[in-house]
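Engineer: Just so it is clear, I am handing over target_0.pdb, which has PDB, C-alpha atoms, pLDDT in the B column.
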ATOM      1  CA  MET A   1      25.753   6.436 -12.571  1.00 95.00           C
ATOM      2  CA  ILE A   2      25.392  10.145 -13.378  1.00 97.00           C
ATOM      3  CA  ARG A   3      28.362  12.327 -12.470  1.00 98.00           C
ATOM      4  CA  LEU A   4      28.742  16.089 -12.840  1.00 98.00           C
ATOM      5  CA  GLU A   5      32.062  17.759 -12.034  1.00 98.00           C
ATOM      6  CA  GLY A   6      32.351  21.546 -11.937  1.00 98.00           C
ATOM      7  CA  VAL A   7      29.546  22.061 -14.478  1.00 98.00           C
ATOM      8  CA  THR A   8      28.837  25.658 -15.490  1.00 97.00           C
ATOM      9  CA  LYS A   9      26.334  26.790 -18.122  1.00 97.00           C
ATOM     10  CA  ARG A  10      26.661  30.351 -19.387  1.00 96.00           C
ATOM     11  CA  TYR A  11      24.271  31.671 -22.044  1.00 93.00           C
ATOM     12  CA  PRO A  12      25.246  34.107 -24.835  1.00 92.00           C
ATOM     13  CA  ASN A  13      23.520  36.985 -23.021  1.00 91.00           C
ATOM     14  CA  GLY A  14      25.831  36.425 -20.049  1.00 88.00           C
ATOM     15  CA  HIS A  15      23.251  34.743 -17.801  1.00 90.00           C
ATOM     16  CA  GLN A  16      24.684  31.956 -15.657  1.00 92.00           C
ATOM     17  CA  GLY A  17      22.244  29.045 -15.769  1.00 95.00           C
ATOM     18  CA  LEU A  18      24.444  26.837 -13.593  1.00 97.00           C
ATOM     19  CA  VAL A  19      27.589  27.643 -11.621  1.00 97.00           C
ATOM     20  CA  ASN A  20      30.186  24.991 -10.741  1.00 97.00           C
ATOM     21  CA  ILE A  21      27.728  22.138 -10.130  1.00 97.00           C
ATOM     22  CA  SER A  22      29.183  18.869  -8.828  1.00 98.00           C
ATOM     23  CA  MET A  23      27.022  15.910  -7.850  1.00 97.00           C
ATOM     24  CA  THR A  24      26.714  12.155  -8.305  1.00 98.00           C
ATOM     25  CA  VAL A  25      23.508  10.146  -8.767  1.00 98.00           C
ATOM     26  CA  HIS A  26      23.915   6.424  -8.207  1.00 97.00           C
ATOM     27  CA  ARG A  27      21.934   3.694  -9.934  1.00 95.00           C
ATOM     28  CA  GLY A  28      18.531   3.203  -8.346  1.00 96.00           C
ATOM     29  CA  GLU A  29      18.341   6.598  -6.634  1.00 97.00           C
ATOM     30  CA  PHE A  30      15.331   8.921  -6.687  1.00 97.00           C
ATOM     31  CA  VAL A  31      16.531  12.534  -6.650  1.00 97.00           C
ATOM     32  CA  PHE A  32      14.425  15.698  -6.524  1.00 96.00           C
ATOM     33  CA  LEU A  33      15.893  18.923  -7.935  1.00 96.00           C
ATOM     34  CA  VAL A  34      14.088  21.758  -6.177  1.00 95.00           C
ATOM     35  CA  GLY A  35      14.406  25.501  -5.777  1.00 92.00           C
ATOM     36  CA  PRO A  36      12.830  28.792  -6.896  1.00 91.00           C
ATOM     37  CA  SER A  37      11.780  29.478 -10.481  1.00 89.00           C
ATOM     38  CA  GLY A  38      14.806  30.248 -12.614  1.00 90.00           C
ATOM     39  CA  ALA A  39      17.201  28.546 -10.210  1.00 94.00           C
ATOM     40  CA  GLY A  40      18.639  26.244 -12.883  1.00 95.00           C
ATOM     41  CA  LYS A  41      16.689  23.000 -12.377  1.00 95.00           C
ATOM     42  CA  SER A  42      15.446  22.710 -15.959  1.00 94.00           C
ATOM     43  CA  THR A  43      18.851  23.747 -17.291  1.00 96.00           C
ATOM     44  CA  LEU A  44      20.369  20.818 -15.430  1.00 97.00           C
ATOM     45  CA  ILE A  45      17.798  18.384 -16.850  1.00 96.00           C
ATOM     46  CA  ARG A  46      18.437  19.682 -20.400  1.00 95.00           C
ATOM     47  CA  LEU A  47      22.179  19.191 -19.937  1.00 96.00           C
ATOM     48  CA  LEU A  48      21.639  15.598 -18.812  1.00 96.00           C
ATOM     49  CA  TYR A  49      19.812  14.590 -21.978  1.00 93.00           C
ATOM     50  CA  GLY A  50      22.079  16.585 -24.278  1.00 92.00           C
ATOM     51  CA  GLU A  51      19.635  19.281 -25.347  1.00 91.00           C
ATOM     52  CA  GLU A  52      22.242  21.802 -24.183  1.00 92.00           C
ATOM     53  CA  ARG A  53      25.980  21.540 -23.604  1.00 92.00           C
ATOM     54  CA  PRO A  54      27.917  22.832 -20.579  1.00 95.00           C
ATOM     55  CA  THR A  55      30.177  25.850 -20.952  1.00 95.00           C
ATOM     56  CA  SER A  56      32.707  24.106 -18.717  1.00 96.00           C
ATOM     57  CA  GLY A  57      32.949  21.058 -16.495  1.00 97.00           C
ATOM     58  CA  GLU A  58      32.236  17.403 -17.181  1.00 97.00           C
ATOM     59  CA  ILE A  59      29.051  15.305 -17.395  1.00 97.00           C
ATOM     60  CA  VAL A  60      29.285  11.501 -17.483  1.00 97.00           C
ATOM     61  CA  ILE A  61      26.346   9.076 -17.654  1.00 96.00           C
ATOM     62  CA  ASP A  62      27.550   5.472 -17.386  1.00 94.00           C
ATOM     63  CA  GLN A  63      30.000   5.053 -20.291  1.00 90.00           C
ATOM     64  CA  PHE A  64      28.884   8.242 -22.050  1.00 92.00           C
ATOM     65  CA  ARG A  65      31.003  11.382 -21.701  1.00 92.00           C
ATOM     66  CA  LEU A  66      28.630  14.112 -22.854  1.00 92.00           C
ATOM     67  CA  ASN A  67      31.225  16.819 -23.354  1.00 87.00           C
ATOM     68  CA  GLY A  68      32.899  15.109 -26.297  1.00 81.00           C
ATOM     69  CA  MET A  69      29.756  13.541 -27.721  1.00 86.00           C
ATOM     70  CA  THR A  70      28.739  14.489 -31.271  1.00 86.00           C
ATOM     71  CA  TRP A  71      25.112  15.094 -32.246  1.00 81.00           C
ATOM     72  CA  ARG A  72      25.287  11.848 -34.222  1.00 83.00           C
ATOM     73  CA  GLN A  73      26.244   9.894 -31.106  1.00 84.00           C
ATOM     74  CA  LEU A  74      23.517  11.467 -28.954  1.00 86.00           C
ATOM     75  CA  PRO A  75      20.778   8.930 -29.877  1.00 84.00           C
ATOM     76  CA  ARG A  76      22.906   6.166 -28.304  1.00 85.00           C
ATOM     77  CA  LEU A  77      22.797   8.024 -24.988  1.00 88.00           C
ATOM     78  CA  ARG A  78      19.093   8.779 -25.221  1.00 87.00           C
ATOM     79  CA  ARG A  79      18.258   5.095 -25.515  1.00 87.00           C
ATOM     80  CA  GLN A  80      19.340   4.885 -21.869  1.00 91.00           C
ATOM     81  CA  LEU A  81      17.138   7.830 -20.910  1.00 95.00           C
ATOM     82  CA  GLY A  82      13.391   8.277 -20.567  1.00 94.00           C
ATOM     83  CA  ILE A  83      12.419  11.951 -20.650  1.00 94.00           C
ATOM     84  CA  VAL A  84       9.143  13.317 -19.255  1.00 94.00           C
ATOM     85  CA  PHE A  85       8.188  16.939 -19.950  1.00 87.00           C
ATOM     86  CA  GLN A  86       5.603  19.123 -18.257  1.00 80.00           C
ATOM     87  CA  ASP A  87       3.636  19.585 -21.489  1.00 78.00           C
ATOM     88  CA  GLY A  88       3.926  15.938 -22.547  1.00 72.00           C
ATOM     89  CA  LYS A  89       5.028  16.719 -26.148  1.00 84.00           C
ATOM     90  CA  LEU A  90       2.464  14.207 -27.397  1.00 94.00           C
ATOM     91  CA  LEU A  91       1.688  13.574 -31.069  1.00 95.00           C
ATOM     92  CA  PRO A  92      -1.905  14.824 -31.492  1.00 96.00           C
ATOM     93  CA  THR A  93      -2.704  12.811 -34.647  1.00 97.00           C
ATOM     94  CA  ARG A  94      -1.664   9.475 -33.108  1.00 97.00           C
ATOM     95  CA  THR A  95      -3.590   7.346 -30.656  1.00 98.00           C
ATOM     96  CA  VAL A  96      -2.356   6.457 -27.188  1.00 98.00           C
ATOM     97  CA  PHE A  97      -0.975   3.171 -28.520  1.00 98.00           C
ATOM     98  CA  GLN A  98       0.631   4.863 -31.522  1.00 98.00           C
ATOM     99  CA  ASN A  99       2.251   7.574 -29.383  1.00 97.00           C
ATOM    100  CA  VAL A 100       4.008   4.957 -27.276  1.00 97.00           C
ATOM    101  CA  ALA A 101       4.801   2.731 -30.257  1.00 97.00           C
ATOM    102  CA  PHE A 102       6.477   5.678 -31.996  1.00 96.00           C
ATOM    103  CA  ALA A 103       9.151   5.792 -29.288  1.00 93.00           C
ATOM    104  CA  MET A 104      10.003   2.178 -30.139  1.00 94.00           C
ATOM    105  CA  GLU A 105       9.848   2.724 -33.888  1.00 94.00           C
ATOM    106  CA  VAL A 106      12.502   5.451 -33.802  1.00 89.00           C
ATOM    107  CA  VAL A 107      15.008   3.039 -32.216  1.00 87.00           C
ATOM    108  CA  GLY A 108      14.257   0.320 -34.773  1.00 89.00           C
ATOM    109  CA  ALA A 109      12.147  -2.072 -32.696  1.00 92.00           C
ATOM    110  CA  SER A 110      10.307  -4.829 -34.548  1.00 96.00           C
ATOM    111  CA  ARG A 111       6.524  -4.843 -34.910  1.00 96.00           C
ATOM    112  CA  LYS A 112       6.437  -8.000 -32.801  1.00 97.00           C
ATOM    113  CA  ASP A 113       8.297  -6.309 -29.942  1.00 97.00           C
ATOM    114  CA  ILE A 114       6.135  -3.180 -30.229  1.00 97.00           C
ATOM    115  CA  HIS A 115       2.893  -5.149 -29.991  1.00 97.00           C
ATOM    116  CA  LYS A 116       4.216  -7.044 -26.990  1.00 97.00           C
ATOM    117  CA  ARG A 117       5.783  -4.169 -25.047  1.00 97.00           C
ATOM    118  CA  VAL A 118       3.348  -1.268 -25.579  1.00 97.00           C
ATOM    119  CA  PRO A 119       0.333  -2.989 -23.927  1.00 97.00           C
ATOM    120  CA  GLN A 120       2.534  -3.880 -20.938  1.00 96.00           C
ATOM    121  CA  VAL A 121       3.526  -0.252 -20.419  1.00 96.00           C
ATOM    122  CA  LEU A 122      -0.018   1.041 -20.926  1.00 97.00           C
ATOM    123  CA  GLU A 123      -1.187  -1.405 -18.264  1.00 96.00           C
ATOM    124  CA  LEU A 124       1.500  -0.135 -15.872  1.00 94.00           C
ATOM    125  CA  VAL A 125       0.442   3.524 -16.249  1.00 95.00           C
ATOM    126  CA  GLY A 126      -3.286   2.758 -16.178  1.00 95.00           C
ATOM    127  CA  LEU A 127      -4.085   3.538 -19.822  1.00 97.00           C
ATOM    128  CA  ALA A 128      -4.783   0.060 -21.203  1.00 97.00           C
ATOM    129  CA  ARG A 129      -8.455   0.908 -21.802  1.00 97.00           C
ATOM    130  CA  ARG A 130      -7.569   4.198 -23.501  1.00 97.00           C
ATOM    131  CA  ARG A 131      -5.203   2.765 -26.107  1.00 97.00           C
ATOM    132  CA  ASP A 132      -7.335   3.829 -29.080  1.00 98.00           C
ATOM    133  CA  HIS A 133      -8.045   7.368 -27.852  1.00 98.00           C
ATOM    134  CA  TYR A 134      -6.248  10.504 -29.028  1.00 98.00           C
ATOM    135  CA  PRO A 135      -4.403  12.878 -26.679  1.00 96.00           C
ATOM    136  CA  GLU A 136      -7.124  15.538 -26.881  1.00 96.00           C
ATOM    137  CA  GLU A 137      -9.595  12.977 -25.532  1.00 97.00           C
ATOM    138  CA  LEU A 138      -7.529  12.421 -22.385  1.00 96.00           C
ATOM    139  CA  SER A 139      -7.547  14.317 -19.107  1.00 94.00           C
ATOM    140  CA  GLY A 140      -4.430  16.216 -18.026  1.00 92.00           C
ATOM    141  CA  GLY A 141      -3.393  13.384 -15.743  1.00 93.00           C
ATOM    142  CA  GLU A 142      -3.926  10.803 -18.477  1.00 95.00           C
ATOM    143  CA  GLN A 143      -1.850  12.866 -20.897  1.00 95.00           C
ATOM    144  CA  GLN A 144       0.977  12.938 -18.372  1.00 93.00           C
ATOM    145  CA  ARG A 145       0.681   9.180 -17.863  1.00 94.00           C
ATOM    146  CA  LEU A 146       0.946   8.789 -21.624  1.00 96.00           C
ATOM    147  CA  GLY A 147       4.132  10.846 -21.608  1.00 95.00           C
ATOM    148  CA  ILE A 148       5.502   8.611 -18.869  1.00 95.00           C
ATOM    149  CA  ALA A 149       4.552   5.468 -20.814  1.00 96.00           C
ATOM    150  CA  ARG A 150       6.423   6.762 -23.842  1.00 95.00           C
ATOM    151  CA  ALA A 151       9.465   7.475 -21.675  1.00 95.00           C
ATOM    152  CA  LEU A 152       9.370   3.964 -20.183  1.00 95.00           C
ATOM    153  CA  VAL A 153       8.731   1.808 -23.211  1.00 95.00           C
ATOM    154  CA  ASN A 154      12.369   1.297 -24.255  1.00 94.00           C
ATOM    155  CA  HIS A 155      13.476   0.066 -20.797  1.00 93.00           C
ATOM    156  CA  PRO A 156      15.591   3.142 -19.932  1.00 94.00           C
ATOM    157  CA  SER A 157      18.033   3.032 -17.052  1.00 95.00           C
ATOM    158  CA  TYR A 158      17.279   6.658 -16.162  1.00 97.00           C
ATOM    159  CA  ILE A 159      14.090   8.720 -16.064  1.00 97.00           C
ATOM    160  CA  LEU A 160      14.553  12.502 -16.300  1.00 97.00           C
ATOM    161  CA  ALA A 161      11.417  14.491 -15.489  1.00 96.00           C
ATOM    162  CA  ASP A 162      11.010  18.261 -15.765  1.00 94.00           C
ATOM    163  CA  GLU A 163       8.047  19.539 -13.697  1.00 92.00           C
ATOM    164  CA  PRO A 164       5.868  16.508 -14.569  1.00 92.00           C
ATOM    165  CA  THR A 165       3.080  17.537 -12.168  1.00 90.00           C
ATOM    166  CA  GLY A 166       3.207  21.285 -12.812  1.00 85.00           C
ATOM    167  CA  ASN A 167      -0.140  21.517 -14.631  1.00 82.00           C
ATOM    168  CA  LEU A 168      -2.046  19.007 -12.504  1.00 88.00           C
ATOM    169  CA  ASP A 169      -4.408  19.283  -9.552  1.00 90.00           C
ATOM    170  CA  PRO A 170      -3.055  17.965  -6.212  1.00 89.00           C
ATOM    171  CA  GLU A 171      -4.867  14.627  -6.298  1.00 91.00           C
ATOM    172  CA  THR A 172      -3.792  13.851  -9.866  1.00 92.00           C
ATOM    173  CA  ALA A 173      -0.239  15.012  -9.097  1.00 91.00           C
ATOM    174  CA  ALA A 174      -0.086  12.633  -6.144  1.00 91.00           C
ATOM    175  CA  GLY A 175      -1.116   9.752  -8.410  1.00 93.00           C
ATOM    176  CA  ILE A 176       1.596  10.642 -10.929  1.00 92.00           C
ATOM    177  CA  MET A 177       4.184  10.800  -8.153  1.00 92.00           C
ATOM    178  CA  LYS A 178       3.168   7.324  -6.953  1.00 92.00           C
ATOM    179  CA  LEU A 179       3.699   6.092 -10.508  1.00 94.00           C
ATOM    180  CA  PHE A 180       7.236   7.502 -10.536  1.00 95.00           C
ATOM    181  CA  GLN A 181       7.837   5.827  -7.179  1.00 94.00           C
ATOM    182  CA  GLU A 182       6.760   2.481  -8.645  1.00 94.00           C
ATOM    183  CA  ILE A 183       9.021   3.018 -11.670  1.00 94.00           C
ATOM    184  CA  ASN A 184      11.917   3.677  -9.306  1.00 95.00           C
ATOM    185  CA  ARG A 185      11.029   0.595  -7.239  1.00 94.00           C
ATOM    186  CA  ARG A 186      11.331  -1.462 -10.436  1.00 93.00           C
ATOM    187  CA  GLY A 187      14.922  -0.326 -10.879  1.00 95.00           C
ATOM    188  CA  ALA A 188      15.005   2.911 -12.871  1.00 96.00           C
ATOM    189  CA  THR A 189      16.971   5.871 -11.540  1.00 97.00           C
ATOM    190  CA  VAL A 190      14.740   8.960 -11.341  1.00 97.00           C
ATOM    191  CA  VAL A 191      15.904  12.589 -11.444  1.00 98.00           C
ATOM    192  CA  MET A 192      12.998  15.040 -11.191  1.00 97.00           C
ATOM    193  CA  ALA A 193      12.870  18.836 -11.252  1.00 95.00           C
ATOM    194  CA  THR A 194       9.767  19.989  -9.398  1.00 93.00           C
ATOM    195  CA  HIS A 195       8.011  22.716  -7.418  1.00 85.00           C
ATOM    196  CA  ALA A 196       5.679  20.209  -5.754  1.00 84.00           C
ATOM    197  CA  LYS A 197       6.840  20.924  -2.198  1.00 86.00           C
ATOM    198  CA  ASP A 198       4.196  18.886  -0.360  1.00 87.00           C
ATOM    199  CA  LEU A 199       4.749  15.807  -2.515  1.00 88.00           C
ATOM    200  CA  VAL A 200       8.529  16.045  -2.127  1.00 91.00           C
ATOM    201  CA  ASN A 201       8.200  16.251   1.648  1.00 90.00           C
ATOM    202  CA  GLN A 202       5.871  13.254   1.766  1.00 89.00           C
ATOM    203  CA  MET A 203       8.188  11.006  -0.247  1.00 89.00           C
ATOM    204  CA  GLN A 204      11.363  11.560   1.800  1.00 88.00           C
ATOM    205  CA  LYS A 205      13.779  10.964  -1.073  1.00 94.00           C
ATOM    206  CA  ARG A 206      17.063  12.722  -1.782  1.00 96.00           C
ATOM    207  CA  VAL A 207      16.564  16.469  -2.228  1.00 96.00           C
ATOM    208  CA  VAL A 208      19.062  18.699  -4.065  1.00 96.00           C
ATOM    209  CA  VAL A 209      18.235  22.382  -3.595  1.00 95.00           C
ATOM    210  CA  ILE A 210      19.439  24.758  -6.314  1.00 96.00           C
ATOM    211  CA  GLU A 211      19.512  28.548  -5.991  1.00 95.00           C
ATOM    212  CA  HIS A 212      20.964  31.014  -8.497  1.00 95.00           C
ATOM    213  CA  GLY A 213      22.512  28.142 -10.427  1.00 96.00           C
ATOM    214  CA  SER A 214      24.354  26.611  -7.447  1.00 97.00           C
ATOM    215  CA  ILE A 215      23.643  23.660  -5.159  1.00 97.00           C
ATOM    216  CA  VAL A 216      22.948  25.042  -1.686  1.00 96.00           C
ATOM    217  CA  ARG A 217      21.795  21.813  -0.025  1.00 94.00           C
ATOM    218  CA  ASP A 218      21.919  18.083  -0.762  1.00 95.00           C
ATOM    219  CA  ASP A 219      20.082  15.845   1.719  1.00 91.00           C
ATOM    220  CA  ALA A 220      19.710  12.078   1.450  1.00 85.00           C
ATOM    221  CA  LYS A 221      16.155  12.269   2.834  1.00 73.00           C
ATOM    222  CA  GLY A 222      15.527  15.966   3.047  1.00 70.00           C
ATOM    223  CA  VAL A 223      12.549  18.298   2.777  1.00 68.00           C
ATOM    224  CA  TYR A 224      11.777  21.095   0.362  1.00 69.00           C
ATOM    225  CA  ALA A 225      11.628  24.073   2.709  1.00 61.00           C
ATOM    226  CA  TYR A 226      11.846  26.770   0.017  1.00 53.00           C
ATOM    227  CA  GLU A 227       8.932  28.806  -1.243  1.00 49.00           C
ATOM    228  CA  SER A 228       8.394  28.678  -5.015  1.00 44.00           C
TER     229      SER A 228
END
Please express the file's structure as structure tokens.
Structural biologist:
Amino acid sequence: MIRLEGVTKRYPNGHQGLVNISMTVHRGEFVFLVGPSGAGKSTLIRLLYGEERPTSGEIVIDQFRLNGMTWRQLPRLRRQLGIVFQDGKLLPTRTVFQNVAFAMEVVGASRKDIHKRVPQVLELVGLARRRDHYPEELSGGEQQRLGIARALVNHPSYILADEPTGNLDPETAAGIMKLFQEINRRGATVVMATHAKDLVNQMQKRVVVIEHGSIVRDDAKGVYAYES
């Protein structure tokens, strides 16, 4: 479970990224964070994986209390999280297989486990036949699928995605969203910041609308009625 209580993020220049945010995400949920550009969606995602710390309030993910967590303890939390970025953050000098394997190497997985698990994940995201290609040889959609594979490979309980379809054409974006839906169906909790209004409306999942750093609406099966 993810729980935020009274979370505020204030930057040194005085800008309020988030203002008194309180929400709970239960295991197995699929939650969209939506709202205008600059509303605070990405700030919230960064707080959840520990890239930034709240100015005040409390963030708890399962047994991890992020407020008191040291930078040394952070890797323990991140083993429970799979993080998908808009730009992928892929390693250009490594193949598809090596990019995904790297995520397992950094947590100390054995070569045997890597060679068993990576092909399974590549099959799931539709990249099994591209395992020996480099990121620059992939389409935009394939690069995003690679980023998702890397996020999935360590069996995370939670997937955090920040605008994962932002650079993709509508058809490719729809395919990526179906992949996230399948990941959620298999048990992972998904929290996604997105501007993809049409896709959000089609999926009928929980929608949390953020404006000016505050939650203005939280619907169990809502629609994204805001213009981006």
Engineer: Given the file shown, enumerate the residues that the PyMOL selection byres ((chain A and resi 10) around 10) captures and present them as a ChimeraX atom specification.
Structural biologist: /A:8-9,11-19,53-56
Engineer: Translate the PyMOL selection byres ((chain A and resi 218) around 8), as applied to the file shown, into an explicit residue set as a JSON list (two decimals) with C-alpha atoms, in the coordinates of the input.
Structural biologist:
[["chain", "number", "residue", "atom", "x", "y", "z"],
["A", 206, "ARG", "CA", 17.06, 12.72, -1.78],
["A", 207, "VAL", "CA", 16.56, 16.47, -2.23],
["A", 208, "VAL", "CA", 19.06, 18.70, -4.07],
["A", 209, "VAL", "CA", 18.24, 22.38, -3.60],
["A", 215, "ILE", "CA", 23.64, 23.66, -5.16],
["A", 216, "VAL", "CA", 22.95, 25.04, -1.69],
["A", 217, "ARG", "CA", 21.80, 21.81, -0.02],
["A", 219, "ASP", "CA", 20.08, 15.84, 1.72],
["A", 220, "ALA", "CA", 19.71, 12.08, 1.45],
["A", 222, "GLY", "CA", 15.53, 15.97, 3.05]]
Engineer: One decimal, Å: what's the distance from atom CA of A:Glu163 over to atom CA of A:Thr70, could you say?
Structural biologist: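 These atoms are spaced 27.6 Å apart.
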Engineer: Given the file above and the PyMOL selection byres ((chain A and resi 106) around 12), which residues are selected, and can you give them as an NGL selection string?
Structural biologist: :A and (75-76 or 78-79 or 99-105 or 107-111 or 114 or 150 or 153-154)
Engineer: How would the residues just picked look written out with C-alpha atoms as a PDB file, in the coordinates of the input?
Structural biologist:
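Saved result, again.pdb, follows:
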ATOM      1  CA  PRO A  75      20.778   8.930 -29.877  1.00 84.00           C
ATOM      2  CA  ARG A  76      22.906   6.166 -28.304  1.00 85.00           C
ATOM      3  CA  ARG A  78      19.093   8.779 -25.221  1.00 87.00           C
ATOM      4  CA  ARG A  79      18.258   5.095 -25.515  1.00 87.00           C
ATOM      5  CA  ASN A  99       2.251   7.574 -29.383  1.00 97.00           C
ATOM      6  CA  VAL A 100       4.008   4.957 -27.276  1.00 97.00           C
ATOM      7  CA  ALA A 101       4.801   2.731 -30.257  1.00 97.00           C
ATOM      8  CA  PHE A 102       6.477   5.678 -31.996  1.00 96.00           C
ATOM      9  CA  ALA A 103       9.151   5.792 -29.288  1.00 93.00           C
ATOM     10  CA  MET A 104      10.003   2.178 -30.139  1.00 94.00           C
ATOM     11  CA  GLU A 105       9.848   2.724 -33.888  1.00 94.00           C
ATOM     12  CA  VAL A 107      15.008   3.039 -32.216  1.00 87.00           C
ATOM     13  CA  GLY A 108      14.257   0.320 -34.773  1.00 89.00           C
ATOM     14  CA  ALA A 109      12.147  -2.072 -32.696  1.00 92.00           C
ATOM     15  CA  SER A 110      10.307  -4.829 -34.548  1.00 96.00           C
ATOM     16  CA  ARG A 111       6.524  -4.843 -34.910  1.00 96.00           C
ATOM     17  CA  ILE A 114       6.135  -3.180 -30.229  1.00 97.00           C
ATOM     18  CA  ARG A 150       6.423   6.762 -23.842  1.00 95.00           C
ATOM     19  CA  VAL A 153       8.731   1.808 -23.211  1.00 95.00           C
ATOM     20  CA  ASN A 154      12.369   1.297 -24.255  1.00 94.00           C
TER      21      ASN A 154
END
Engineer: One decimal, Å: what's the distance from atom CA of A:Ile2 over to atom CA of A:His26, could you say?
Structural biologist: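 A separation of 6.5 Å between them.
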Engineer: So which residues touch A:Thr93 within 10 Å, counting only C-alpha atoms, skipping near sequence neighbours fewer than 3 positions away, as a list in words?
Structural biologist: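 Those residues are Leu90, Val96, Gln98, Asn99, Tyr134, Pro135 and Glu136 of chain A.
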Engineer: Take the residues just selected and output them with C-alpha atoms as a short mmCIF file (atom, residue, chain, number, x, y, z; two decimals), in the frame of the given file.
Structural biologist:
data_model
loop_
_atom_site.label_atom_id
_atom_site.label_comp_id
_atom_site.auth_asym_id
_atom_site.auth_seq_id
_atom_site.Cartn_x
_atom_site.Cartn_y
_atom_site.Cartn_z
CA LEU A 90 2.46 14.21 -27.40
CA VAL A 96 -2.36 6.46 -27.19
CA GLN A 98 0.63 4.86 -31.52
CA ASN A 99 2.25 7.57 -29.38
CA TYR A 134 -6.25 10.50 -29.03
CA PRO A 135 -4.40 12.88 -26.68
CA GLU A 136 -7.12 15.54 -26.88
#
Engineer: Closest to A:Ile61 among A:Asn184, A:Gln120, A:Thr189, A:Glu142, using only C-alpha atoms?
Structural biologist: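 For A:Ile61, the nearest of the given residues is A:Thr189.
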Engineer: If we count all atoms listed in the file and set the cut-off at 9 Å, which residues sit around A:Gly50, ignoring sequence neighbours fewer than 5 positions away in its own chain? Please answer as a PyMOL selection string.
Structural biologist: chain A and resi 45+66+69+71+74+77-78
Engineer: Any idea what's packed within 8 Å of stretch 170-178 of chain A, counting only C-alpha atoms, ignoring anything in its chain fewer than 6 positions away? Could you give it as a VMD selection string?
Structural biologist: chain A and resid 141 144 to 145 199
Engineer: For a test of reading the model, state the distance in Å between atom CA of A:Val121 and atom CA of A:Phe85, rounded to one decimal.
Structural biologist: 17.8 Å
Engineer: Kindly indicate which residue among A:Val125, A:Leu160, A:Val31, A:Leu146 lies nearest to A:Arg46, using all atoms listed in the file for the distances.
Structural biologist: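 Of the candidates, the smallest distance to A:Arg46 is held by A:Leu160.
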Engineer: In terms of the shortest atom-to-atom distance over all atoms listed in the file, which of A:Asn20, A:Asn167, A:Arg129, A:His155 is closest to A:Arg117?
Structural biologist: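 Of A:Asn20, A:Asn167, A:Arg129, A:His155, the one nearest A:Arg117 is A:His155, counting all atoms listed in the file.
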Engineer: My list of candidates is A:Glu58, A:Gly28, A:Leu44, A:Lys112. Which is closest to A:Leu4 when distances are computed with all atoms listed in the file?
Structural biologist: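 Using all atoms listed in the file, A:Leu4 sits closest to A:Glu58.
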Engineer: Of the candidates A:Met23, A:Ile210, A:Val190, A:Leu124, which shows the shortest atom-to-atom distance to A:Gly40, using only C-alpha atoms?
Structural biologist: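 Ranked by minimum distance to A:Gly40, first place goes to A:Ile210.
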Engineer: Measuring atom to atom with all atoms listed in the file, identify which of A:Arg72, A:Phe32, A:Arg3, A:Gln86 is nearest to A:Gln181.
Structural biologist: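 Of A:Arg72, A:Phe32, A:Arg3, A:Gln86, the one nearest A:Gln181, counting all atoms listed in the file, is A:Phe32.
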